[in-house]
>>> print(open('input_13.txt').read())   # compact mmCIF, C-alpha atoms
# COMPACT_ATOMS: atom_id res chain seq x y z
CA MET D 1 -14.42 -36.47 -18.87
CA SER D 2 -17.92 -36.33 -20.22
CA GLN D 3 -20.44 -34.79 -17.93
CA ASP D 4 -23.66 -36.49 -18.98
CA THR D 5 -22.74 -40.02 -17.94
CA GLY D 6 -23.98 -39.35 -14.40
CA GLY D 7 -27.52 -39.01 -13.17
CA PRO D 8 -30.03 -37.03 -15.09
CA ASP D 9 -29.92 -34.03 -12.76
CA SER D 10 -26.34 -33.85 -11.47
CA SER D 11 -23.18 -34.00 -13.50
CA PHE D 12 -20.07 -35.79 -12.35
CA GLU D 13 -18.37 -32.53 -11.43
CA ASP D 14 -21.27 -31.51 -9.24
CA ARG D 15 -21.38 -34.85 -7.46
CA LEU D 16 -17.60 -34.81 -6.99
CA LYS D 17 -17.82 -31.36 -5.50
CA ALA D 18 -20.60 -32.39 -3.14
CA ALA D 19 -18.66 -35.47 -2.04
CA ARG D 20 -15.49 -33.47 -1.50
CA SER D 21 -17.22 -30.83 0.57
CA LYS D 22 -18.98 -33.57 2.60
CA GLN D 23 -15.60 -35.09 3.42
CA GLY D 24 -14.19 -31.66 4.23
CA LEU D 25 -11.56 -31.90 1.49
CA ASP D 26 -12.40 -28.51 0.08
CA ALA D 27 -11.81 -25.61 2.41
CA PRO D 28 -15.04 -23.65 2.73
CA PRO D 29 -14.84 -20.39 0.81
CA LYS D 30 -13.59 -17.71 3.14
CA PRO D 31 -15.72 -14.63 3.60
CA PRO D 32 -14.10 -11.95 1.47
CA GLU D 33 -12.20 -9.40 3.51
CA GLN D 34 -12.96 -5.76 3.02
CA ASP D 35 -10.62 -4.72 0.19
CA GLY D 36 -8.43 -7.70 1.09
CA LEU D 37 -6.35 -5.44 3.29
CA GLY D 38 -6.05 -7.76 6.25
CA GLY D 39 -8.53 -7.89 9.05
CA SER D 40 -6.43 -7.99 12.21
CA ALA D 41 -7.26 -5.58 14.97
CA TRP D 42 -3.93 -3.79 14.54
CA GLY D 43 -4.51 -3.48 10.81
CA ILE D 44 -7.97 -2.02 11.28
CA GLY D 45 -6.72 0.36 13.96
CA ALA D 46 -3.89 1.61 11.79
CA ARG D 47 -6.26 1.97 8.84
CA VAL D 48 -8.75 4.03 10.86
CA GLY D 49 -6.01 6.31 12.17
CA VAL D 50 -4.45 6.90 8.78
CA GLU D 51 -7.78 7.58 7.05
CA LEU D 52 -9.03 10.02 9.69
CA VAL D 53 -5.79 11.93 10.04
CA SER D 54 -5.01 12.15 6.34
CA ALA D 55 -8.38 13.75 5.57
CA LEU D 56 -7.84 16.22 8.39
CA VAL D 57 -4.32 17.04 7.17
CA VAL D 58 -5.61 17.77 3.67
CA ALA D 59 -8.43 19.92 5.01
CA VAL D 60 -6.13 21.96 7.26
CA ALA D 61 -3.70 22.42 4.38
CA ILE D 62 -6.48 23.68 2.09
CA GLY D 63 -7.92 25.98 4.76
CA TYR D 64 -4.54 27.39 5.72
CA GLY D 65 -3.56 27.91 2.10
CA LEU D 66 -6.81 29.70 1.25
CA ASP D 67 -6.43 31.83 4.37
CA ARG D 68 -2.96 32.87 3.26
CA ILE D 69 -4.29 33.82 -0.18
CA PHE D 70 -7.37 35.74 0.94
CA HIS D 71 -5.87 37.18 4.18
CA THR D 72 -8.72 35.86 6.32
CA THR D 73 -6.44 34.04 8.66
CA PRO D 74 -8.39 31.95 11.11
CA ILE D 75 -11.76 31.75 9.38
CA LEU D 76 -11.27 29.35 6.48
CA THR D 77 -9.04 27.03 8.51
CA ALA D 78 -11.81 26.88 11.10
CA VAL D 79 -14.35 26.15 8.36
CA PHE D 80 -12.30 23.39 6.76
CA VAL D 81 -11.36 21.50 9.93
CA PRO D 82 -14.89 20.12 10.54
CA LEU D 83 -15.18 19.39 6.81
CA GLY D 84 -11.94 17.44 7.05
CA GLY D 85 -13.31 15.47 9.98
CA ALA D 86 -16.43 14.70 7.95
CA ALA D 87 -14.28 13.60 5.00
CA GLY D 88 -12.35 11.32 7.34
CA VAL D 89 -15.57 9.69 8.50
CA LEU D 90 -16.62 9.37 4.86
CA ASN D 91 -13.32 7.60 4.11
CA LEU D 92 -13.99 5.21 6.97
CA TRP D 93 -17.51 4.58 5.73
CA ARG D 94 -16.13 3.70 2.31
CA VAL D 95 -13.73 1.21 3.88
CA PHE D 96 -15.95 -0.41 6.49
CA SER D 97 -19.46 -0.01 5.11
CA PRO D 98 -21.35 -3.32 5.41
CA LYS D 99 -22.44 -3.28 1.79
CA GLN D 100 -19.44 -3.50 -0.53
CA SER D 101 -20.16 -0.38 -2.52
CA ASP D 102 -18.82 0.08 -6.02
CA ARG D 103 -17.05 3.25 -5.00
CA GLY D 104 -14.38 1.35 -3.05
CA MET G 105 24.88 3.48 15.36
CA ALA G 106 23.14 2.28 18.49
CA ALA G 107 24.20 3.67 21.83
CA GLU G 108 27.68 4.75 20.80
CA GLY G 109 29.29 4.95 24.20
CA SER G 110 26.35 6.87 25.60
CA ASN G 111 23.18 5.90 27.38
CA SER G 112 20.81 7.16 24.73
CA ILE G 113 19.28 5.17 21.91
CA ASP G 114 19.68 6.81 18.51
CA ALA G 115 16.77 5.09 16.78
CA LEU G 116 16.36 7.63 14.00
CA GLY G 117 19.99 7.98 12.94
CA GLN G 118 19.57 5.04 10.59
CA PHE G 119 17.30 7.12 8.37
CA GLN G 120 19.91 9.80 7.67
CA LEU G 121 21.01 10.09 4.09
CA HIS G 122 24.66 9.88 3.12
CA SER G 123 26.14 10.23 -0.30
CA ALA G 124 27.07 6.92 -1.85
CA LEU G 125 29.59 5.84 -4.49
CA GLY G 126 32.41 8.03 -3.16
CA ALA G 127 33.35 11.37 -4.67
CA VAL G 128 31.33 10.92 -7.85
CA GLY G 129 28.15 10.22 -5.89
CA GLY G 130 28.87 13.07 -3.50
CA SER G 131 29.21 15.62 -6.30
CA VAL G 132 25.79 14.78 -7.74
CA ASN G 133 24.16 14.08 -4.35
CA PHE G 134 23.62 10.42 -5.12
CA THR G 135 22.57 9.03 -1.74
CA GLN G 136 22.42 5.49 -0.39
CA SER G 137 18.66 5.76 -0.83
CA ASN G 138 19.10 6.27 -4.57
CA LEU G 139 21.58 3.42 -4.62
CA MET G 140 19.01 1.12 -3.04
CA MET G 141 16.39 2.22 -5.58
CA VAL G 142 18.76 1.27 -8.38
CA ALA G 143 19.47 -2.03 -6.61
CA ALA G 144 15.75 -2.73 -6.26
CA GLY G 145 15.15 -2.00 -9.93
CA LEU G 146 18.05 -4.21 -10.98
CA GLY G 147 16.82 -6.92 -8.60
CA VAL G 148 13.38 -6.97 -10.18
CA MET G 149 14.85 -7.11 -13.68
CA ALA G 150 17.26 -9.85 -12.63
CA LEU G 151 14.42 -11.90 -11.15
CA LEU G 152 12.36 -11.62 -14.31
CA TRP G 153 15.22 -12.06 -16.77
CA MET G 154 16.96 -14.93 -15.01
CA GLY G 155 13.67 -16.47 -13.97
CA MET G 156 12.20 -16.55 -17.45
CA LYS G 157 15.42 -17.48 -19.29
CA PRO G 158 14.96 -21.28 -19.04
CA ARG G 159 11.36 -21.10 -20.33
CA ALA G 160 10.87 -24.56 -18.85
CA MET G 161 7.55 -26.36 -18.96
CA VAL G 162 8.07 -27.35 -15.32
CA PRO G 163 9.38 -24.16 -13.76
CA GLY G 164 12.32 -24.02 -11.39
CA ARG G 165 12.26 -21.90 -8.26
CA LEU G 166 13.11 -18.57 -9.90
CA GLN G 167 10.79 -19.15 -12.83
CA ALA G 168 8.00 -20.15 -10.45
CA ALA G 169 8.55 -16.96 -8.46
CA ALA G 170 8.50 -14.81 -11.58
CA GLU G 171 5.38 -16.53 -12.93
CA MET G 172 3.64 -16.30 -9.58
CA GLY G 173 4.35 -12.59 -9.39
CA TYR G 174 2.98 -12.12 -12.89
CA GLU G 175 -0.16 -14.14 -12.18
CA THR G 176 -0.85 -12.50 -8.82
CA ILE G 177 -0.67 -8.98 -10.22
CA MET G 178 -2.57 -9.95 -13.37
CA GLY G 179 -5.32 -11.46 -11.21
CA MET G 180 -5.37 -8.37 -9.02
CA CYS G 181 -5.71 -6.13 -12.08
CA THR G 182 -8.47 -8.09 -13.80
CA GLU G 183 -10.46 -8.71 -10.62
CA THR G 184 -10.14 -5.32 -8.94
CA ILE G 185 -10.07 -2.92 -11.87
CA GLY G 186 -12.38 -5.02 -14.03
CA GLY G 187 -13.46 -4.35 -17.55
CA PRO G 188 -11.54 -4.68 -20.80
CA GLN G 189 -9.10 -1.91 -19.94
CA SER G 190 -7.76 -3.63 -16.85
CA ARG G 191 -4.89 -5.27 -18.74
CA LYS G 192 -3.69 -1.86 -19.86
CA PHE G 193 -2.75 -0.98 -16.30
CA PHE G 194 -0.93 -4.22 -15.59
CA PRO G 195 2.59 -2.94 -16.39
CA PHE G 196 2.16 0.04 -14.10
CA VAL G 197 0.81 -1.95 -11.15
CA PHE G 198 3.40 -4.69 -11.66
CA THR G 199 6.28 -2.19 -11.66
CA LEU G 200 4.90 -0.39 -8.63
CA PHE G 201 4.37 -3.58 -6.65
CA PHE G 202 7.77 -5.09 -7.34
CA PHE G 203 9.67 -1.84 -6.83
CA ILE G 204 8.08 -1.36 -3.41
CA LEU G 205 8.38 -5.06 -2.53
CA PHE G 206 12.09 -5.16 -3.34
CA GLY G 207 12.67 -1.87 -1.55
CA ASN G 208 10.94 -3.18 1.57
CA LEU G 209 12.61 -6.58 1.51
CA LEU G 210 16.13 -5.27 0.79
CA GLY G 211 15.74 -2.98 3.78
CA VAL G 212 15.45 -5.96 6.13
CA PHE G 213 19.08 -6.94 5.39
CA PRO G 214 21.64 -5.46 7.78
CA LEU G 215 23.56 -2.39 6.56
CA PHE G 216 21.02 -1.89 3.76
CA PHE G 217 18.85 1.19 3.62
CA THR G 218 15.07 1.07 3.26
CA PHE G 219 14.13 3.79 0.82
CA THR G 220 10.41 3.30 1.50
CA SER G 221 10.99 4.51 5.07
CA HIS G 222 11.24 8.09 3.80
CA VAL G 223 7.92 9.84 3.41
CA MET G 224 9.23 11.84 0.44
CA VAL G 225 9.78 8.64 -1.55
CA THR G 226 6.36 7.19 -0.74
CA LEU G 227 4.74 10.57 -1.35
CA ALA G 228 6.30 10.68 -4.80
CA LEU G 229 4.95 7.18 -5.49
CA SER G 230 1.45 8.00 -4.26
CA LEU G 231 1.44 11.30 -6.21
CA THR G 232 2.30 9.33 -9.34
CA VAL G 233 -0.67 7.04 -8.66
CA PHE G 234 -2.94 9.99 -7.88
CA VAL G 235 -2.04 11.92 -11.03
CA LEU G 236 -2.39 8.80 -13.16
CA VAL G 237 -5.80 7.96 -11.67
CA THR G 238 -7.04 11.51 -12.27
CA ILE G 239 -5.76 11.55 -15.85
CA VAL G 240 -7.31 8.14 -16.56
CA GLY G 241 -10.62 9.30 -15.12
CA ILE G 242 -10.71 12.47 -17.20
CA LYS G 243 -9.57 10.63 -20.32
CA GLU G 244 -12.23 7.94 -19.90
CA HIS G 245 -15.16 10.17 -19.05
CA GLY G 246 -14.21 13.69 -20.10
CA LEU G 247 -15.83 16.46 -18.08
CA HIS G 248 -18.46 14.00 -16.92
CA TRP G 249 -15.78 12.65 -14.57
CA PHE G 250 -16.30 15.66 -12.27
CA THR G 251 -19.71 14.29 -11.31
CA TYR G 252 -17.68 11.80 -9.26
CA PHE G 253 -17.63 14.45 -6.55
CA VAL G 254 -21.41 14.83 -6.49
CA PRO G 255 -23.02 11.92 -4.61
CA GLN G 256 -26.20 10.65 -6.18
CA GLY G 257 -29.55 11.68 -4.74
CA ILE G 258 -28.55 14.56 -2.50
CA PRO G 259 -30.61 17.74 -2.13
CA LYS G 260 -29.39 20.69 -4.20
CA ALA G 261 -28.81 22.80 -1.10
CA LEU G 262 -26.33 20.30 0.32
CA ALA G 263 -24.33 19.96 -2.89
CA PRO G 264 -21.60 22.55 -2.12
CA LEU G 265 -20.94 20.97 1.26
CA MET G 266 -20.89 17.43 -0.08
CA VAL G 267 -18.67 18.33 -3.03
CA THR G 268 -16.14 19.93 -0.65
CA ILE G 269 -16.14 16.87 1.58
CA GLU G 270 -15.78 14.52 -1.39
CA LEU G 271 -12.95 16.62 -2.75
CA ILE G 272 -11.10 16.49 0.59
CA SER G 273 -11.71 12.76 0.74
CA TYR G 274 -10.33 12.35 -2.77
CA LEU G 275 -7.24 14.42 -2.02
CA SER G 276 -6.64 12.58 1.25
CA ARG G 277 -5.79 9.47 -0.77
CA ILE G 278 -2.37 10.97 -1.47
CA ILE G 279 -1.65 11.29 2.23
CA SER G 280 -3.17 8.00 3.36
CA LEU G 281 -1.48 5.96 0.64
CA SER G 282 1.98 7.40 1.31
CA VAL G 283 1.76 7.59 5.09
CA ARG G 284 0.60 3.98 5.41
CA LEU G 285 3.66 2.60 3.62
CA PHE G 286 6.17 4.99 5.16
CA ALA G 287 4.87 4.63 8.72
CA ASN G 288 4.85 0.84 8.60
CA MET G 289 8.39 0.63 7.28
CA MET G 290 9.78 3.27 9.59
CA ALA G 291 8.07 1.87 12.71
CA GLY G 292 9.47 -1.60 12.06
CA HIS G 293 13.02 -0.34 11.65
CA VAL G 294 12.80 1.87 14.73
CA MET G 295 11.65 -1.14 16.78
CA LEU G 296 14.54 -3.22 15.44
CA GLU G 297 17.00 -0.48 16.34
CA VAL G 298 15.55 -0.02 19.84
CA PHE G 299 15.66 -3.70 20.71
CA GLY G 300 19.09 -4.02 19.10
CA SER G 301 20.29 -1.22 21.38
CA PHE G 302 18.77 -3.06 24.35
CA ILE G 303 20.89 -6.09 23.54
CA VAL G 304 24.10 -4.04 23.50
CA MET G 305 23.28 -1.93 26.55
CA LEU G 306 21.96 -4.76 28.73
CA GLY G 307 24.74 -7.08 27.64
CA GLY G 308 27.21 -4.45 28.84
CA LEU G 309 25.71 -4.54 32.33
CA GLY G 310 27.36 -7.85 33.14
CA LEU G 311 25.78 -10.90 34.71
CA LEU G 312 22.55 -9.13 35.64
CA GLY G 313 21.89 -8.01 32.08
CA TYR G 314 22.45 -11.26 30.22
CA PHE G 315 18.95 -12.60 30.65
CA PRO G 316 17.07 -9.45 29.50
CA ALA G 317 19.60 -9.08 26.68
CA ALA G 318 18.82 -12.59 25.49
CA LEU G 319 15.13 -11.74 25.74
CA SER G 320 15.67 -8.68 23.53
CA LEU G 321 17.54 -10.83 21.05
CA GLY G 322 14.50 -13.13 20.93
CA VAL G 323 12.21 -10.17 20.38
CA ASN G 324 14.44 -8.91 17.57
CA THR G 325 14.41 -12.32 15.93
CA MET G 326 10.61 -12.28 15.94
CA LEU G 327 10.60 -8.70 14.68
CA ILE G 328 12.68 -9.68 11.65
CA GLY G 329 10.04 -12.25 10.71
CA PHE G 330 7.36 -9.69 11.32
CA GLU G 331 9.23 -7.21 9.13
CA LEU G 332 9.21 -9.68 6.26
CA LEU G 333 5.44 -10.01 6.62
CA VAL G 334 4.91 -6.25 6.79
CA ALA G 335 7.21 -5.65 3.82
CA THR G 336 5.20 -7.98 1.60
CA LEU G 337 1.82 -6.93 2.96
CA GLN G 338 2.46 -3.22 2.50
CA ALA G 339 3.63 -3.67 -1.08
CA TYR G 340 0.46 -5.67 -1.72
CA VAL G 341 -1.73 -3.07 -0.02
CA PHE G 342 -0.16 -0.27 -2.07
CA ALA G 343 -0.75 -2.19 -5.28
CA ILE G 344 -4.33 -3.19 -4.50
CA LEU G 345 -5.27 0.32 -3.40
CA THR G 346 -3.86 1.58 -6.69
CA CYS G 347 -6.12 -0.94 -8.43
CA ILE G 348 -9.14 0.18 -6.39
CA TYR G 349 -8.49 3.81 -7.29
CA LEU G 350 -8.07 2.86 -10.95
CA HIS G 351 -11.37 0.98 -10.74
CA ASP G 352 -13.04 4.14 -9.42
CA ALA G 353 -11.58 6.14 -12.29
CA VAL G 354 -12.61 3.65 -14.98
CA HIS G 355 -16.07 2.84 -13.62
CA LEU G 356 -17.64 6.09 -12.57
CA HIS G 357 -20.29 5.57 -9.82
>>> encode(input="input_13.txt", output="structure tokens")
Amino acid sequence: MSQDTGGPDSSFEDRLKAARSKQGLDAPPKPPEQDGLGGSAWGIGARVGVELVSALVVAVAIGYGLDRIFHTTPILTAVFVPLGGAAGVLNLWRVFSPKQSDRG
Amino acid sequence: MAAEGSNSIDALGQFQLHSALGAVGGSVNFTQSNLMMVAAGLGVMALLWMGMKPRAMVPGRLQAAAEMGYETIMGMCTETIGGPQSRKFFPFVFTLFFFILFGNLLGVFPLFFTFTSHVMVTLALSLTVFVLVTIVGIKEHGLHWFTYFVPQGIPKALAPLMVTIELISYLSRIISLSVRLFANMMAGHVMLEVFGSFIVMLGGLGLLGYFPAALSLGVNTMLIGFELLVATLQAYVFAILTCIYLHDAVHLH
């Protein structure tokens, strides 16, 4: 299939593509989903919950562990809980930020 | 297991571990979970070996399935990880995806155990991914990799705070990756058990219970289909998140 037998400015492939899309034979390219992880409301809800809670769990674990080591029982846990919340929000920002960042 | 002569629903009993393979299995604590892992591994190997044996130009069903699996994961690796190294990680992602997929799908069969419904199993899988991603990152970039935790363009005074938050966010991947898979699988099987118990309990009521029992049977039928979807989707999600994390490790910032 040689491409330069068509018009001077559009190859056969291009014209075929245009004709196909005019007739609706080609499905329009779908907007890419965020991470391709499914976009249903349930999926998003579950994702938000998991991301927020997991960051908080890690932060509480770190705070509690450091408290046990340094014998400063409530202080470091109290410091790390808001940090964990912030990390959870950061996770969510990574997932749902409008610009697809390269950090995933 | 459901409603054994009582009025309570034992939805979590199905997740208890028993030793399998008789006395030999009992002496080495070989549980039905381990047995299902072996079955899943053998299933994957059987699919690939039997599927690729004909080596036909026009593939049959098994060969088409095997080739499709290969191409899907290969595409996922090259597109998501990117770069020349992406093919290096293909065996790992392929193994991970098919092990989880077979574990999830085998669990839908009656009397079979779903090993991915135990958080310890999924935690082990996600820890493997986490350790691998960290090692790959350090191997690729050396000590420079630690700048991953310092966001670009922040004031010096904020750096300790931001590094702590980034570190927590990085560590939370272990939890989120494992909990997502485990929670999805466990929730589905609990729902199946609950509605299955409804069928038995309502059916035992006599004439009045037949209609709601039939309704529960309908719900359970739908849930089985839904389980198949979730099983495939969660294996895919686990694999693609692994690829995204590998991408982060290979391409710093």
>>> residues_around(input="input_13.txt", residues="His245 (chain G)", least_positions_apart="5", cutoff="9 Å", atoms="all atoms listed in the file", output="ChimeraX atom specification")
/G:240,250,353-354,356
>>> closest_residue(input="input_13.txt", among="G:Thr325, G:Thr218, G:Thr184, G:Ser230", to="chain D", atoms="all atoms listed in the file")
G:Thr184
>>> closest_residue(input="input_13.txt", among="D:Gln23, D:Leu76, D:Ala18, D:Val50", to="Ile62 (chain D)", atoms="only C-alpha atoms")
D:Leu76
>>> atom_distance(input="input_13.txt", atom1="CA of Ile69 (chain D)", atom2="CA of Met266 (chain G)")
23.3 Å
>>> atom_distance(input="input_13.txt", atom1="CA of Leu215 (chain G)", atom2="CA of Thr232 (chain G)")
29.0 Å
>>> closest_atom_pairs(input="input_13.txt", of="chain D", to="chain G", cutoff="6 Å", atoms="only C-alpha atoms", output="JSON lines")
{"residue": "D:Val50", "atom": "CA", "partner": "G:Ser280", "partner_atom": "CA", "distance": 5.7}
{"residue": "D:Glu51", "atom": "CA", "partner": "G:Ser280", "partner_atom": "CA", "distance": 5.9}
{"residue": "D:Ser54", "atom": "CA", "partner": "G:Ser276", "partner_atom": "CA", "distance": 5.4}
{"residue": "D:Ala55", "atom": "CA", "partner": "G:Ser276", "partner_atom": "CA", "distance": 4.8}
{"residue": "D:Val58", "atom": "CA", "partner": "G:Ser276", "partner_atom": "CA", "distance": 5.8}
{"residue": "D:Leu83", "atom": "CA", "partner": "G:Ile269", "partner_atom": "CA", "distance": 5.9}
{"residue": "D:Ala87", "atom": "CA", "partner": "G:Ser273", "partner_atom": "CA", "distance": 5.0}
>>> write_last_selection(input="input_13.txt", atoms="C-alpha atoms", output="compact mmCIF listing (two decimals), in the frame of the given file")
# COMPACT_ATOMS: atom_id res chain seq x y z
CA VAL D 50 -4.45 6.90 8.78
CA GLU D 51 -7.78 7.58 7.05
CA SER D 54 -5.01 12.15 6.34
CA ALA D 55 -8.38 13.75 5.57
CA VAL D 58 -5.61 17.77 3.67
CA LEU D 83 -15.18 19.39 6.81
CA ALA D 87 -14.28 13.60 5.00
>>> axis_aligned_box(input="input_13.txt", around="region 279-286 of chain G", padding_each_side="3 Å", output="JSON")
{"center_x": 1.5, "center_y": 6.9, "center_z": 3.0, "size_x": 15.3, "size_y": 14.7, "size_z": 10.8}
>>> closest_residue(input="input_13.txt", among="G:Ile242, G:Ser320, G:Ile177, G:Pro255", to="Leu306 (chain G)", atoms="only C-alpha atoms")
G:Ser320
>>> atom_distance(input="input_13.txt", atom1="CA of Leu92 (chain D)", atom2="CA of Leu350 (chain G)")
19.0 Å
>>> closest_residue(input="input_13.txt", among="G:Ala115, G:Leu262, G:Leu205, G:Met140", to="Ala339 (chain G)", atoms="all atoms listed in the file")
G:Leu205
>>> residues_around(input="input_13.txt", residues="region 141-148 of chain G", least_positions_apart="2", cutoff="8 Å", atoms="all atoms listed in the file", output="list in words")
Ser137, Asn138, Leu139, Ala150, Leu151, Leu152, Phe202, Phe203, Phe206, Gly207, Leu210 and Phe219 of chain G
>>> closest_residue(input="input_13.txt", among="G:Ile303, G:Val267, G:Leu121, G:Met178", to="His222 (chain G)", atoms="only C-alpha atoms")
G:Leu121
